[in-house]
$ cat input39.txt   # compact mmCIF, C-alpha atoms
# COMPACT_ATOMS: atom_id res chain seq x y z
CA MET A 1 15.69 -3.40 -21.18
CA THR A 2 15.55 -7.12 -20.59
CA PRO A 3 12.25 -9.00 -20.37
CA LEU A 4 12.78 -9.52 -16.62
CA LEU A 5 13.23 -5.79 -16.03
CA SER A 6 10.20 -4.99 -18.18
CA SER A 7 8.10 -7.53 -16.28
CA LEU A 8 9.22 -6.15 -12.90
CA LEU A 9 8.41 -2.60 -13.99
CA VAL A 10 4.97 -3.43 -15.37
CA ALA A 11 4.00 -5.70 -12.48
CA GLY A 12 5.33 -3.18 -9.96
CA LEU A 13 3.33 -0.34 -11.48
CA ILE A 14 0.03 -2.23 -11.65
CA PHE A 15 -0.60 -2.26 -7.89
CA PRO A 16 0.08 1.44 -7.18
CA VAL A 17 -1.98 2.40 -10.23
CA ILE A 18 -4.92 0.29 -8.99
CA SER A 19 -4.66 1.96 -5.58
CA LEU A 20 -4.48 5.43 -7.10
CA LEU A 21 -7.35 4.95 -9.55
CA THR A 22 -9.68 3.41 -6.98
CA THR A 23 -8.83 6.20 -4.52
CA MET A 24 -9.68 8.83 -7.12
CA GLY A 25 -12.89 6.96 -7.98
CA SER A 26 -13.83 6.74 -4.32
CA LEU A 27 -13.25 10.46 -3.80
CA ALA A 28 -15.23 11.31 -6.94
CA SER A 29 -18.10 9.08 -5.82
CA GLN A 30 -18.13 10.70 -2.39
CA TRP A 31 -18.01 14.20 -3.85
CA ARG A 32 -20.61 13.71 -6.62
CA GLN A 33 -23.08 11.24 -5.11
CA LYS A 34 -22.47 11.75 -1.38
CA LYS A 35 -21.91 7.99 -1.08
CA TYR A 36 -18.82 6.24 0.20
CA SER A 37 -17.14 3.53 -1.81
CA SER A 38 -14.01 1.85 -0.54
CA PRO A 39 -10.82 2.12 -2.56
CA VAL A 40 -8.77 -1.01 -3.21
CA PHE A 41 -5.41 -0.76 -1.46
CA ILE A 42 -2.80 -3.42 -2.19
CA PRO A 43 0.14 -2.57 0.06
CA PHE A 44 3.79 -3.57 -0.29
CA ILE A 45 3.64 -5.68 -3.48
CA GLY A 46 4.15 -2.81 -5.91
CA PRO A 47 6.96 -1.12 -3.96
CA VAL A 48 8.78 -4.44 -3.44
CA LEU A 49 8.67 -5.21 -7.16
CA LEU A 50 9.68 -1.67 -8.10
CA THR A 51 12.53 -1.72 -5.58
CA SER A 52 13.76 -4.90 -7.24
CA TRP A 53 13.54 -3.13 -10.60
CA VAL A 54 15.54 -0.15 -9.27
CA VAL A 55 18.29 -2.46 -7.99
CA PHE A 56 18.47 -4.70 -11.08
CA ALA A 57 18.26 -1.77 -13.53
CA HIS A 58 21.07 0.04 -11.68
CA LYS A 59 18.99 3.16 -11.12
CA PRO A 60 19.93 5.69 -8.43
CA LEU A 61 19.06 4.39 -4.97
CA TRP A 62 17.00 7.48 -4.11
CA PHE A 63 14.42 6.03 -6.53
CA VAL A 64 13.65 3.50 -3.79
CA ALA A 65 12.36 6.26 -1.51
CA ILE A 66 10.19 7.66 -4.29
CA VAL A 67 8.81 4.19 -5.04
CA TRP A 68 7.74 3.67 -1.43
CA LEU A 69 6.40 7.20 -0.89
CA ALA A 70 4.43 7.22 -4.14
CA ASP A 71 2.38 4.11 -3.33
CA ILE A 72 -0.82 5.32 -1.70
CA GLY A 73 -1.85 1.74 -0.82
CA THR A 74 1.23 1.17 1.30
CA LEU A 75 1.00 4.61 2.90
CA ALA A 76 -2.67 4.09 3.78
CA PHE A 77 -1.91 0.68 5.27
CA LEU A 78 0.93 2.07 7.36
CA ALA A 79 -1.33 4.90 8.54
CA VAL A 80 -4.03 2.52 9.83
CA SER A 81 -1.65 -0.18 11.13
CA PRO A 82 -1.48 1.18 14.72
CA GLN A 83 -5.27 1.15 14.96
CA LEU A 84 -5.47 -2.35 13.47
CA ILE A 85 -2.90 -3.65 15.94
CA ARG A 86 -4.65 -1.96 18.86
CA ASP A 87 -8.02 -3.40 17.84
CA TRP A 88 -6.50 -6.84 17.35
CA TRP A 89 -4.84 -6.68 20.77
CA HIS A 90 -8.04 -5.69 22.56
CA ARG A 91 -9.93 -8.56 20.95
CA SER A 92 -7.23 -11.21 21.18
CA SER A 93 -7.07 -14.01 23.69
CA PHE A 94 -3.57 -12.86 24.69
CA HIS A 95 -4.96 -9.57 26.01
CA GLN A 96 -7.83 -11.27 27.85
CA ASP A 97 -5.48 -13.74 29.52
CA SER A 98 -3.14 -11.00 30.72
CA CYS A 99 -6.00 -8.98 32.25
CA VAL A 100 -7.16 -11.83 34.50
$ encode --input "input39.txt" --output "structure tokens"
Amino acid sequence: MTPLLSSLLVAGLIFPVISLLTTMGSLASQWRQKKYSSPVFIPFIGPVLLTSWVVFAHKPLWFVAIVWLADIGTLAFLAVSPQLIRDWWHRSSFHQDSCV
């Protein structure tokens, strides 16, 4: 494996691992101490780097789907995106101008 491929793999795995570990820590904190701590979600960066690794390493293309579905940070961001967009729209000046 070339240094570029190794770097892409390591860098691509860091972000999903951070998301996964902080999610597990948040759930453990909520379960044990009845307190909520926010997990750190870093969407898209890890899957983009890992997709590049899949392409450059000539791995099967179905790995791309696994890469994107295994990143909890990206999945969480996509799950809350409609609510974020709705909240942004209701508070934006575009929405206020169109209601007048």
$ closest_residue --input "input39.txt" --among "A:Ala76, A:Val64, A:Ala57, A:Leu27" --to "Met1 (chain A)" --atoms "only C-alpha atoms"
A:Ala57
$ atom_distance --input "input39.txt" --atom1 "CA of Leu13 (chain A)" --atom2 "CA of Val67 (chain A)"
9.6 Å
$ residues_near_point --input "input39.txt" --point "(12.4, 0.2, -10.0)" --cutoff "9 Å" --atoms "only C-alpha atoms" --output "mmCIF file with C-alpha atoms, in the frame of the given file"
data_model
loop_
_atom_site.group_PDB
_atom_site.id
_atom_site.type_symbol
_atom_site.label_atom_id
_atom_site.label_comp_id
_atom_site.auth_asym_id
_atom_site.auth_seq_id
_atom_site.Cartn_x
_atom_site.Cartn_y
_atom_site.Cartn_z
ATOM 1 C CA LEU A 5 13.230 -5.790 -16.030
ATOM 2 C CA LEU A 8 9.220 -6.150 -12.900
ATOM 3 C CA LEU A 9 8.410 -2.600 -13.990
ATOM 4 C CA GLY A 12 5.330 -3.180 -9.960
ATOM 5 C CA PRO A 47 6.960 -1.120 -3.960
ATOM 6 C CA VAL A 48 8.780 -4.440 -3.440
ATOM 7 C CA LEU A 49 8.670 -5.210 -7.160
ATOM 8 C CA LEU A 50 9.680 -1.670 -8.100
ATOM 9 C CA THR A 51 12.530 -1.720 -5.580
ATOM 10 C CA SER A 52 13.760 -4.900 -7.240
ATOM 11 C CA TRP A 53 13.540 -3.130 -10.600
ATOM 12 C CA VAL A 54 15.540 -0.150 -9.270
ATOM 13 C CA VAL A 55 18.290 -2.460 -7.990
ATOM 14 C CA PHE A 56 18.470 -4.700 -11.080
ATOM 15 C CA ALA A 57 18.260 -1.770 -13.530
ATOM 16 C CA HIS A 58 21.070 0.040 -11.680
ATOM 17 C CA LYS A 59 18.990 3.160 -11.120
ATOM 18 C CA PHE A 63 14.420 6.030 -6.530
ATOM 19 C CA VAL A 64 13.650 3.500 -3.790
ATOM 20 C CA VAL A 67 8.810 4.190 -5.040
#
$ atom_distance --input "input39.txt" --atom1 "CA of Ser38 (chain A)" --atom2 "CA of Thr22 (chain A)"
7.9 Å
$ closest_residue --input "input39.txt" --among "A:Leu69, A:Ile45, A:Ile85, A:Leu75" --to "Phe15 (chain A)" --atoms "only C-alpha atoms"
A:Ile45
$ residues_near_point --input "input39.txt" --point "(-11.2, 1.6, -8.4)" --cutoff "12 Å" --atoms "all atoms listed in the file" --output "CSV table (one decimal) with C-alpha atoms, keeping the file's coordinate frame"
chain,number,residue,atom,x,y,z
A,15,PHE,CA,-0.6,-2.3,-7.9
A,16,PRO,CA,0.1,1.4,-7.2
A,17,VAL,CA,-2.0,2.4,-10.2
A,18,ILE,CA,-4.9,0.3,-9.0
A,19,SER,CA,-4.7,2.0,-5.6
A,20,LEU,CA,-4.5,5.4,-7.1
A,21,LEU,CA,-7.4,5.0,-9.6
A,22,THR,CA,-9.7,3.4,-7.0
A,23,THR,CA,-8.8,6.2,-4.5
A,24,MET,CA,-9.7,8.8,-7.1
A,25,GLY,CA,-12.9,7.0,-8.0
A,26,SER,CA,-13.8,6.7,-4.3
A,27,LEU,CA,-13.2,10.5,-3.8
A,28,ALA,CA,-15.2,11.3,-6.9
A,29,SER,CA,-18.1,9.1,-5.8
A,37,SER,CA,-17.1,3.5,-1.8
A,38,SER,CA,-14.0,1.8,-0.5
A,39,PRO,CA,-10.8,2.1,-2.6
A,40,VAL,CA,-8.8,-1.0,-3.2
A,41,PHE,CA,-5.4,-0.8,-1.5
A,42,ILE,CA,-2.8,-3.4,-2.2
$ atom_distance --input "input39.txt" --atom1 "CA of Ala70 (chain A)" --atom2 "CA of Pro43 (chain A)"
11.5 Å
